[in-house]
$ cat target_34.json   # JSON, C-alpha atoms (C1' of nucleotides)
[["chain", "number", "residue", "atom", "x", "y", "z"],
["B", 1, "MET", "CA", -18.15, -6.48, 18.15],
["B", 2, "PRO", "CA", -20.41, -3.61, 18.97],
["B", 3, "GLU", "CA", -24.05, -4.67, 19.07],
["B", 4, "LEU", "CA", -27.04, -2.79, 20.45],
["B", 5, "PRO", "CA", -25.84, -2.67, 24.10],
["B", 6, "GLU", "CA", -22.39, -1.45, 23.11],
["B", 7, "VAL", "CA", -23.76, 1.27, 20.82],
["B", 8, "GLU", "CA", -26.23, 2.28, 23.52],
["B", 9, "THR", "CA", -23.36, 2.50, 26.03],
["B", 10, "ILE", "CA", -21.50, 4.79, 23.66],
["B", 11, "ARG", "CA", -24.59, 6.90, 23.08],
["B", 12, "ARG", "CA", -25.26, 7.37, 26.78],
["B", 13, "ASN", "CA", -21.69, 8.38, 27.51],
["B", 14, "LEU", "CA", -21.36, 10.66, 24.53],
["B", 15, "ALA", "CA", -24.74, 12.41, 24.48],
["B", 16, "PRO", "CA", -24.10, 14.83, 27.38],
["B", 17, "HIS", "CA", -20.89, 16.01, 25.72],
["B", 18, "VAL", "CA", -22.20, 16.52, 22.19],
["B", 19, "GLU", "CA", -25.84, 17.50, 22.46],
["B", 20, "GLY", "CA", -26.26, 21.23, 22.18],
["B", 21, "ARG", "CA", -22.80, 21.60, 20.69],
["B", 22, "ARG", "CA", -21.90, 22.51, 17.16],
["B", 23, "VAL", "CA", -19.93, 20.20, 14.88],
["B", 24, "GLU", "CA", -17.23, 22.70, 14.03],
["B", 25, "SER", "CA", -15.46, 20.29, 11.77],
["B", 26, "LEU", "CA", -15.67, 16.73, 10.57],
["B", 27, "GLU", "CA", -12.38, 15.51, 9.20],
["B", 28, "ILE", "CA", -12.70, 12.27, 7.26],
["B", 29, "LEU", "CA", -9.28, 10.71, 6.86],
["B", 30, "ASP", "CA", -10.46, 7.51, 5.18],
["B", 31, "ALA", "CA", -12.69, 8.01, 2.16],
["B", 32, "ARG", "CA", -13.95, 4.44, 2.47],
["B", 33, "TRP", "CA", -15.82, 5.45, 5.63],
["B", 34, "CYS", "CA", -18.51, 7.36, 3.75],
["B", 35, "ARG", "CA", -18.23, 5.81, 0.29],
["B", 36, "PRO", "CA", -19.74, 6.43, -2.21],
["B", 37, "ILE", "CA", -20.17, 10.01, -0.95],
["B", 38, "ALA", "CA", -17.02, 12.11, -1.18],
["B", 39, "PRO", "CA", -15.61, 13.05, 2.26],
["B", 40, "ALA", "CA", -15.73, 16.76, 1.40],
["B", 41, "GLU", "CA", -19.38, 16.50, 0.48],
["B", 42, "LEU", "CA", -20.35, 14.73, 3.70],
["B", 43, "SER", "CA", -18.29, 17.10, 5.83],
["B", 44, "ALA", "CA", -19.87, 20.11, 4.16],
["B", 45, "ALA", "CA", -23.35, 18.80, 4.95],
["B", 46, "VAL", "CA", -22.48, 18.33, 8.62],
["B", 47, "GLU", "CA", -20.11, 21.12, 9.56],
["B", 48, "GLY", "CA", -21.51, 24.10, 11.38],
["B", 49, "ARG", "CA", -24.64, 22.35, 12.52],
["B", 50, "MET", "CA", -25.80, 21.99, 16.11],
["B", 51, "VAL", "CA", -26.25, 18.46, 17.49],
["B", 52, "GLU", "CA", -29.88, 18.43, 18.59],
["B", 53, "ARG", "CA", -29.85, 14.85, 19.77],
["B", 54, "LEU", "CA", -27.65, 11.77, 19.72],
["B", 55, "SER", "CA", -29.92, 8.77, 19.26],
["B", 56, "ARG", "CA", -29.67, 5.12, 18.32],
["B", 57, "ARG", "CA", -31.61, 2.70, 16.19],
["B", 58, "GLY", "CA", -30.43, -0.91, 16.13],
["B", 59, "LYS", "CA", -26.66, -0.68, 15.88],
["B", 60, "TYR", "CA", -26.73, 2.76, 14.23],
["B", 61, "LEU", "CA", -25.66, 5.80, 16.18],
["B", 62, "ILE", "CA", -27.63, 8.74, 14.83],
["B", 63, "TRP", "CA", -26.42, 12.32, 14.97],
["B", 64, "GLU", "CA", -29.55, 14.41, 14.69],
["B", 65, "LEU", "CA", -28.33, 17.78, 13.46],
["B", 66, "GLU", "CA", -30.16, 21.03, 13.09],
["B", 67, "GLY", "CA", -31.87, 21.50, 9.77],
["B", 68, "ASP", "CA", -33.00, 17.86, 9.65],
["B", 69, "VAL", "CA", -29.62, 16.52, 8.66],
["B", 70, "PHE", "CA", -28.86, 13.06, 10.02],
["B", 71, "LEU", "CA", -25.45, 11.41, 10.20],
["B", 72, "LEU", "CA", -25.66, 7.66, 10.76],
["B", 73, "ALA", "CA", -22.52, 6.01, 12.10],
["B", 74, "HIS", "CA", -22.08, 2.24, 12.18],
["B", 75, "LEU", "CA", -19.17, 0.63, 14.02],
["B", 76, "ARG", "CA", -19.43, -2.79, 12.36],
["B", 77, "MET", "CA", -16.68, -5.08, 13.65],
["B", 78, "THR", "CA", -13.97, -3.01, 15.25],
["B", 79, "GLY", "CA", -15.16, 0.58, 15.37],
["B", 80, "THR", "CA", -14.89, 2.67, 18.54],
["B", 81, "LEU", "CA", -15.50, 6.31, 19.35],
["B", 82, "LEU", "CA", -13.00, 7.93, 21.68],
["B", 83, "LEU", "CA", -13.68, 11.26, 23.34],
["B", 84, "ASP", "CA", -10.66, 13.54, 23.80],
["B", 85, "PRO", "CA", -8.07, 10.80, 23.37],
["B", 86, "ALA", "CA", -4.44, 11.55, 24.11],
["B", 87, "GLY", "CA", -2.83, 12.33, 20.80],
["B", 88, "ALA", "CA", -4.01, 10.56, 17.67],
["B", 89, "PRO", "CA", -4.90, 6.90, 18.24],
["B", 90, "PRO", "CA", -3.78, 4.42, 15.56],
["B", 91, "HIS", "CA", -6.42, 3.69, 12.92],
["B", 92, "THR", "CA", -8.31, 6.94, 13.46],
["B", 93, "ARG", "CA", -10.59, 7.32, 10.43],
["B", 94, "VAL", "CA", -12.61, 10.41, 11.35],
["B", 95, "TRP", "CA", -12.27, 13.39, 13.68],
["B", 96, "TRP", "CA", -15.16, 15.45, 15.04],
["B", 97, "ARG", "CA", -14.44, 18.81, 16.61],
["B", 98, "LEU", "CA", -17.16, 20.12, 18.95],
["B", 99, "GLY", "CA", -16.25, 23.07, 21.14],
["B", 100, "GLU", "CA", -13.47, 21.98, 23.45],
["B", 101, "HIS", "CA", -14.04, 18.33, 22.54],
["B", 102, "ARG", "CA", -12.51, 16.19, 19.88],
["B", 103, "LEU", "CA", -13.90, 12.80, 19.02],
["B", 104, "ALA", "CA", -12.13, 10.03, 17.11],
["B", 105, "PHE", "CA", -13.73, 7.24, 15.12],
["B", 106, "VAL", "CA", -11.12, 4.51, 15.42],
["B", 107, "ASP", "CA", -11.51, 1.39, 13.32],
["B", 108, "PRO", "CA", -8.64, -1.02, 12.58],
["B", 109, "ARG", "CA", -10.54, -3.13, 10.07],
["B", 110, "ARG", "CA", -12.19, -0.21, 8.31],
["B", 111, "PHE", "CA", -15.62, -1.82, 8.08],
["B", 112, "GLY", "CA", -17.27, 1.07, 9.89],
["B", 113, "THR", "CA", -19.39, 3.51, 7.93],
["B", 114, "GLY", "CA", -20.85, 7.00, 8.02],
["B", 115, "GLU", "CA", -23.95, 7.77, 5.98],
["B", 116, "LEU", "CA", -26.11, 10.79, 5.49],
["B", 117, "ALA", "CA", -29.88, 11.21, 5.46],
["B", 118, "LEU", "CA", -31.30, 14.57, 4.45],
["B", 119, "GLY", "CA", -34.71, 15.09, 5.99],
["B", 120, "PRO", "CA", -36.82, 12.91, 8.29],
["B", 121, "GLU", "CA", -38.36, 11.04, 5.37],
["B", 122, "ALA", "CA", -34.94, 10.04, 4.07],
["B", 123, "LEU", "CA", -33.95, 8.93, 7.56],
["B", 124, "GLU", "CA", -37.10, 6.89, 7.95],
["B", 125, "ALA", "CA", -36.62, 5.29, 4.53],
["B", 126, "PHE", "CA", -33.00, 4.47, 5.31],
["B", 127, "LEU", "CA", -33.90, 2.76, 8.58],
["B", 128, "ALA", "CA", -37.06, 1.05, 7.34],
["B", 129, "ARG", "CA", -35.15, -0.55, 4.50],
["B", 130, "ARG", "CA", -32.61, -2.12, 6.85],
["B", 131, "LEU", "CA", -34.12, -2.58, 10.29],
["B", 132, "GLY", "CA", -36.99, -4.40, 11.91],
["B", 133, "PRO", "CA", -38.54, -3.47, 15.26],
["B", 134, "GLU", "CA", -36.45, -1.95, 18.03],
["B", 135, "PRO", "CA", -36.16, -4.60, 20.77],
["B", 136, "PHE", "CA", -37.25, -2.30, 23.60],
["B", 137, "SER", "CA", -40.22, -0.90, 21.73],
["B", 138, "GLU", "CA", -43.80, -2.13, 21.86],
["B", 139, "ALA", "CA", -43.45, -3.15, 18.23],
["B", 140, "PHE", "CA", -41.30, -6.04, 19.40],
["B", 141, "ASN", "CA", -43.37, -8.35, 21.55],
["B", 142, "ALA", "CA", -44.07, -12.06, 21.96],
["B", 143, "ALA", "CA", -46.93, -12.00, 19.49],
["B", 144, "SER", "CA", -45.10, -10.06, 16.79],
["B", 145, "LEU", "CA", -42.04, -12.27, 17.14],
["B", 146, "HIS", "CA", -44.16, -15.38, 16.88],
["B", 147, "ALA", "CA", -45.88, -14.00, 13.80],
["B", 148, "SER", "CA", -42.66, -13.05, 12.02],
["B", 149, "THR", "CA", -41.05, -16.42, 12.75],
["B", 150, "ARG", "CA", -43.95, -18.11, 10.92],
["B", 151, "ALA", "CA", -42.67, -16.72, 7.64],
["B", 152, "SER", "CA", -39.12, -18.06, 7.95],
["B", 153, "ARG", "CA", -37.68, -21.54, 7.67],
["B", 154, "ALA", "CA", -34.16, -20.23, 8.36],
["B", 155, "PRO", "CA", -32.39, -21.43, 11.52],
["B", 156, "ILE", "CA", -33.51, -19.27, 14.43],
["B", 157, "LYS", "CA", -29.95, -18.04, 14.93],
["B", 158, "ALA", "CA", -29.87, -16.71, 11.36],
["B", 159, "PHE", "CA", -33.28, -15.19, 11.97],
["B", 160, "LEU", "CA", -32.07, -13.29, 15.03],
["B", 161, "LEU", "CA", -28.99, -12.02, 13.20],
["B", 162, "ASP", "CA", -31.18, -10.63, 10.41],
["B", 163, "GLN", "CA", -31.53, -6.95, 11.32],
["B", 164, "ARG", "CA", -34.86, -6.77, 9.49],
["B", 165, "LYS", "CA", -36.40, -9.28, 11.89],
["B", 166, "VAL", "CA", -35.29, -7.49, 15.03],
["B", 167, "ALA", "CA", -32.78, -4.63, 15.17],
["B", 168, "GLY", "CA", -29.55, -4.70, 17.11],
["B", 169, "VAL", "CA", -28.92, -8.36, 17.89],
["B", 170, "GLY", "CA", -25.51, -9.71, 16.86],
["B", 171, "ASN", "CA", -23.59, -12.88, 17.49],
["B", 172, "ILE", "CA", -23.07, -12.41, 21.22],
["B", 173, "TYR", "CA", -26.64, -11.60, 22.17],
["B", 174, "ALA", "CA", -28.13, -14.16, 19.77],
["B", 175, "ASP", "CA", -26.14, -16.92, 21.48],
["B", 176, "GLU", "CA", -26.99, -15.71, 24.95],
["B", 177, "ALA", "CA", -30.68, -15.21, 24.21],
["B", 178, "LEU", "CA", -31.11, -18.63, 22.59],
["B", 179, "PHE", "CA", -29.43, -20.30, 25.52],
["B", 180, "ARG", "CA", -31.57, -18.44, 28.02],
["B", 181, "ALA", "CA", -34.68, -19.43, 26.07],
["B", 182, "GLY", "CA", -33.56, -23.03, 25.76],
["B", 183, "VAL", "CA", -33.92, -23.01, 21.98],
["B", 184, "HIS", "CA", -31.48, -24.79, 19.67],
["B", 185, "PRO", "CA", -29.76, -22.32, 17.30],
["B", 186, "LEU", "CA", -30.41, -24.51, 14.26],
["B", 187, "ARG", "CA", -34.12, -24.95, 14.87],
["B", 188, "PRO", "CA", -36.09, -23.54, 11.94],
["B", 189, "ALA", "CA", -37.72, -20.29, 13.01],
["B", 190, "ASN", "CA", -41.19, -21.40, 11.94],
["B", 191, "ARG", "CA", -40.92, -24.52, 14.08],
["B", 192, "LEU", "CA", -40.64, -22.70, 17.37],
["B", 193, "THR", "CA", -43.72, -23.14, 19.50],
["B", 194, "ARG", "CA", -45.66, -20.18, 20.80],
["B", 195, "LYS", "CA", -44.20, -20.87, 24.21],
["B", 196, "GLN", "CA", -40.70, -20.84, 22.74],
["B", 197, "THR", "CA", -41.15, -17.56, 20.87],
["B", 198, "GLU", "CA", -42.51, -16.10, 24.08],
["B", 199, "GLU", "CA", -39.44, -17.33, 25.98],
["B", 200, "LEU", "CA", -37.19, -16.06, 23.22],
["B", 201, "HIS", "CA", -38.75, -12.63, 23.19],
["B", 202, "GLY", "CA", -38.12, -12.32, 26.91],
["B", 203, "ALA", "CA", -34.60, -13.69, 26.54],
["B", 204, "VAL", "CA", -33.64, -11.27, 23.76],
["B", 205, "VAL", "CA", -34.83, -8.30, 25.79],
["B", 206, "ALA", "CA", -33.24, -9.60, 29.00],
["B", 207, "SER", "CA", -29.90, -10.35, 27.35],
["B", 208, "LEU", "CA", -29.72, -6.94, 25.70],
["B", 209, "GLN", "CA", -30.71, -5.23, 28.95],
["B", 210, "ALA", "CA", -28.06, -7.18, 30.88],
["B", 211, "GLY", "CA", -25.53, -6.09, 28.26],
["B", 212, "ILE", "CA", -26.51, -2.45, 28.67],
["B", 213, "ASP", "CA", -26.42, -2.74, 32.46],
["B", 214, "ALA", "CA", -22.89, -4.14, 32.21],
["B", 215, "LYS", "CA", -21.92, -1.28, 29.89],
["B", 216, "GLY", "CA", -21.37, -3.62, 26.99],
["B", 217, "ALA", "CA", -19.17, -6.62, 26.30],
["B", 218, "THR", "CA", -15.48, -6.26, 25.58],
["B", 219, "ILE", "CA", -14.04, -9.19, 23.68],
["B", 220, "ASP", "CA", -11.08, -7.39, 22.28],
["B", 221, "ASP", "CA", -11.85, -4.02, 20.80],
["B", 222, "PHE", "CA", -14.87, -2.50, 22.47],
["B", 223, "ARG", "CA", -14.28, 0.54, 24.65],
["B", 224, "ASP", "CA", -16.66, 3.25, 25.72],
["B", 225, "PRO", "CA", -15.86, 6.84, 24.70],
["B", 226, "TYR", "CA", -13.57, 7.19, 27.72],
["B", 227, "GLY", "CA", -11.62, 4.07, 26.71],
["B", 228, "VAL", "CA", -13.21, 1.93, 29.45],
["B", 229, "GLN", "CA", -14.05, -1.71, 28.75],
["B", 230, "GLY", "CA", -17.49, -3.24, 29.28],
["B", 231, "SER", "CA", -18.01, -6.16, 31.65],
["B", 232, "PHE", "CA", -20.78, -8.22, 30.07],
["B", 233, "GLN", "CA", -18.22, -10.74, 28.80],
["B", 234, "ASP", "CA", -17.86, -11.84, 32.46],
["B", 235, "GLN", "CA", -21.53, -12.85, 32.46],
["B", 236, "PHE", "CA", -21.58, -14.82, 29.21],
["B", 237, "LEU", "CA", -23.47, -18.06, 29.78],
["B", 238, "VAL", "CA", -22.30, -19.81, 26.62],
["B", 239, "HIS", "CA", -20.81, -17.35, 24.15],
["B", 240, "LEU", "CA", -17.03, -17.95, 23.86],
["B", 241, "ARG", "CA", -17.31, -20.62, 26.54],
["B", 242, "GLU", "CA", -16.50, -23.64, 24.42],
["B", 243, "GLY", "CA", -15.41, -26.58, 26.59],
["B", 244, "GLU", "CA", -16.55, -24.95, 29.81],
["B", 245, "PRO", "CA", -19.36, -26.50, 31.87],
["B", 246, "CYS", "CA", -22.87, -25.62, 30.77],
["B", 247, "PRO", "CA", -24.53, -23.43, 33.42],
["B", 248, "ALA", "CA", -27.67, -25.56, 33.08],
["B", 249, "CYS", "CA", -26.48, -29.16, 32.88],
["B", 250, "GLY", "CA", -22.75, -29.05, 33.60],
["B", 251, "ARG", "CA", -21.68, -30.78, 30.39],
["B", 252, "ALA", "CA", -19.11, -29.10, 28.16],
["B", 253, "VAL", "CA", -20.38, -26.30, 25.97],
["B", 254, "ARG", "CA", -20.01, -27.26, 22.33],
["B", 255, "LYS", "CA", -19.21, -24.86, 19.51],
["B", 256, "GLN", "CA", -20.61, -25.24, 16.05],
["B", 257, "ARG", "CA", -21.44, -23.05, 13.10],
["B", 258, "ALA", "CA", -24.83, -21.56, 12.41],
["B", 259, "ALA", "CA", -25.60, -18.91, 9.84],
["B", 260, "GLY", "CA", -21.88, -18.93, 9.08],
["B", 261, "ARG", "CA", -21.07, -17.77, 12.60],
["B", 262, "GLY", "CA", -19.37, -19.41, 15.53],
["B", 263, "THR", "CA", -22.22, -20.53, 17.77],
["U", 1, "DC", "C1'", -37.50, -18.06, 0.35],
["U", 2, "DG", "C1'", -32.86, -19.67, 1.73],
["U", 3, "DA", "C1'", -28.16, -21.50, 1.32],
["U", 4, "DC", "C1'", -23.97, -20.18, -0.01],
["U", 5, "DA", "C1'", -20.09, -17.57, -1.90],
["U", 6, "DC", "C1'", -17.87, -13.42, -2.19],
["U", 7, "DT", "C1'", -16.46, -8.69, -0.74],
["U", 8, "DC", "C1'", -14.61, -5.43, 2.37],
["U", 9, "DC", "C1'", -10.19, -5.47, 6.07],
["U", 10, "DT", "C1'", -6.34, -6.42, 9.25],
["U", 11, "DG", "C1'", -4.84, -8.17, 13.89],
["U", 12, "DA", "C1'", -4.47, -12.49, 15.96],
["U", 13, "DT", "C1'", -3.42, -17.18, 15.78],
["U", 14, "DG", "C1'", -1.38, -21.61, 14.64],
["U", 15, "DG", "C1'", 1.63, -24.57, 11.98],
["U", 16, "DC", "C1'", 6.07, -25.55, 10.60],
["V", 1, "DT", "C1'", 12.49, -16.77, 15.84],
["V", 2, "DG", "C1'", 10.28, -15.85, 11.62],
["V", 3, "DC", "C1'", 7.31, -16.55, 7.94],
["V", 4, "DC", "C1'", 3.04, -17.68, 5.86],
["V", 5, "DA", "C1'", -1.70, -19.29, 5.58],
["V", 6, "DT", "C1'", -5.88, -19.07, 7.83],
["V", 7, "DC", "C1'", -9.49, -17.19, 10.62],
["V", 8, "DA", "C1'", -12.84, -13.89, 12.61],
["V", 9, "DG", "C1'", -17.30, -11.53, 11.20],
["V", 10, "DG", "C1'", -21.69, -7.25, 10.07],
["V", 11, "DA", "C1'", -23.76, -6.22, 6.22],
["V", 12, "DG", "C1'", -24.43, -5.92, 1.38],
["V", 13, "DT", "C1'", -24.71, -8.15, -3.08],
["V", 14, "DG", "C1'", -25.29, -11.74, -6.30],
["V", 15, "DT", "C1'", -26.12, -16.65, -7.83],
["V", 16, "DC", "C1'", -28.58, -20.77, -7.91]]
$ encode --input "target_34.json" --output "structure tokens"
Amino acid sequence: MPELPEVETIRRNLAPHVEGRRVESLEILDARWCRPIAPAELSAAVEGRMVERLSRRGKYLIWELEGDVFLLAHLRMTGTLLLDPAGAPPHTRVWWRLGEHRLAFVDPRRFGTGELALGPEALEAFLARRLGPEPFSEAFNAASLHASTRASRAPIKAFLLDQRKVAGVGNIYADEALFRAGVHPLRPANRLTRKQTEELHGAVVASLQAGIDAKGATIDDFRDPYGVQGSFQDQFLVHLREGEPCPACGRAVRKQRAAGRGT
DNA sequence: CGACACTCCTGATGGC
DNA sequence: TGCCATCAGGAGTGTC
């Protein structure tokens, strides 16, 4: 499941190939991808525009196009972006054509989305409505995390998965960060001590950075734009390690549910 | 505010 | 071997 490190891995690989190029065509094969906007309408808004920058916010990949048009792609559960794949991969939902490159949005479960923001204000409104602070920005720090946890009695795992509390953390990195910080996933957010929120802040940042350094985690679907798997799954401390010895105490890792997710 | 159910979707898995 | 039910989950919405 692509989370911040996986989307960042895609962005880094893709940016040099798409920035400065023109989106000659955007062929949307699955109307669900951009619903409720009609595929023709979205394509028309994008086609012919230069890609000024490929950026990321949380788990959104943002195509910053000339004329202040922004295309926000979200991979959700099973989305991948493949650059110049051989032939047409199964479950291709969208094709970009940029110069000599073709790019496929492949998504077996069809949860992935493409949305449009016209103008910087619309982009800002779109993001502000959905996302909290970016984990690597100054806006996310020990003090701000501590302050925002005060307002929530939800289990800290649910808190971390809430994109409005901190952007980009999903199930993998929530598990890894909580373990690193030594905080129980079901502990109410407002009952973490200052020391614990400080630990957790560091653990969230460190886990995400380790994920980026490992070029993402591949559980089953994730590939970078060249089709290469990430390696962070080899460094999981607890995620998907049910029954294996705990790296800290040696007892078997137990799996339970928190916030409706395997934990 | 939060818990929970439901929706979207389909490949993988497990039971028989 | 084959069939079927169940599960997985990111995000949005709605109910209580």
$ closest_atom_pairs --input "target_34.json" --of "chain B" --to "chain V" --cutoff "12 Å" --atoms "all atoms listed in the file" --output "CSV"
residue,atom,partner,partner_atom,distance
B:Met1,CA,V:DG9,C1',8.6
B:Pro2,CA,V:DG10,C1',9.7
B:Glu3,CA,V:DG10,C1',9.7
B:Lys59,CA,V:DG10,C1',10.1
B:Tyr60,CA,V:DG10,C1',12.0
B:His74,CA,V:DG10,C1',9.7
B:Leu75,CA,V:DG10,C1',9.2
B:Arg76,CA,V:DG10,C1',5.5
B:Met77,CA,V:DG10,C1',6.5
B:Thr78,CA,V:DG9,C1',10.0
B:Gly79,CA,V:DG10,C1',11.5
B:Arg109,CA,V:DG9,C1',10.8
B:Arg110,CA,V:DG10,C1',12.0
B:Phe111,CA,V:DG10,C1',8.4
B:Gly112,CA,V:DG10,C1',9.4
B:Thr113,CA,V:DA11,C1',10.8
B:Arg130,CA,V:DA11,C1',9.8
B:Leu131,CA,V:DA11,C1',11.7
B:Leu161,CA,V:DG10,C1',9.3
B:Asp162,CA,V:DA11,C1',9.6
B:Gln163,CA,V:DA11,C1',9.3
B:Arg164,CA,V:DA11,C1',11.6
B:Gly168,CA,V:DG10,C1',10.9
B:Val169,CA,V:DG10,C1',10.7
B:Gly170,CA,V:DG10,C1',8.2
B:Asn171,CA,V:DG9,C1',9.0
B:Ile172,CA,V:DG9,C1',11.6
B:Asp220,CA,V:DA8,C1',11.8
B:Ala259,CA,V:DG9,C1',11.2
B:Gly260,CA,V:DG9,C1',9.0
B:Arg261,CA,V:DG9,C1',7.4
B:Gly262,CA,V:DA8,C1',9.0
$ atom_distance --input "target_34.json" --atom1 "CA of Ala117 in chain B" --atom2 "CA of Ala73 in chain B"
11.2 Å
$ interface_residues --input "target_34.json" --of "chain U" --to "chain B" --cutoff "12 Å" --atoms "only C-alpha atoms (C1' of nucleotides)" --output "list in words"
DC1, DG2, DA3, DC4, DA5, DT7, DC8, DC9, DT10, DG11 and DA12 of chain U
$ atom_distance --input "target_34.json" --atom1 "CA of Ala177 in chain B" --atom2 "CA of Ser207 in chain B"
5.8 Å
$ atom_distance --input "target_34.json" --atom1 "CA of Val166 in chain B" --atom2 "CA of Gly132 in chain B"
4.7 Å
$ residues_around --input "target_34.json" --residues "Gly230 in chain B" --least-positions-apart "2" --cutoff "7 Å" --atoms "all atoms listed in the file" --output "VMD selection string"
chain B and resid 214 to 218 223 228 232
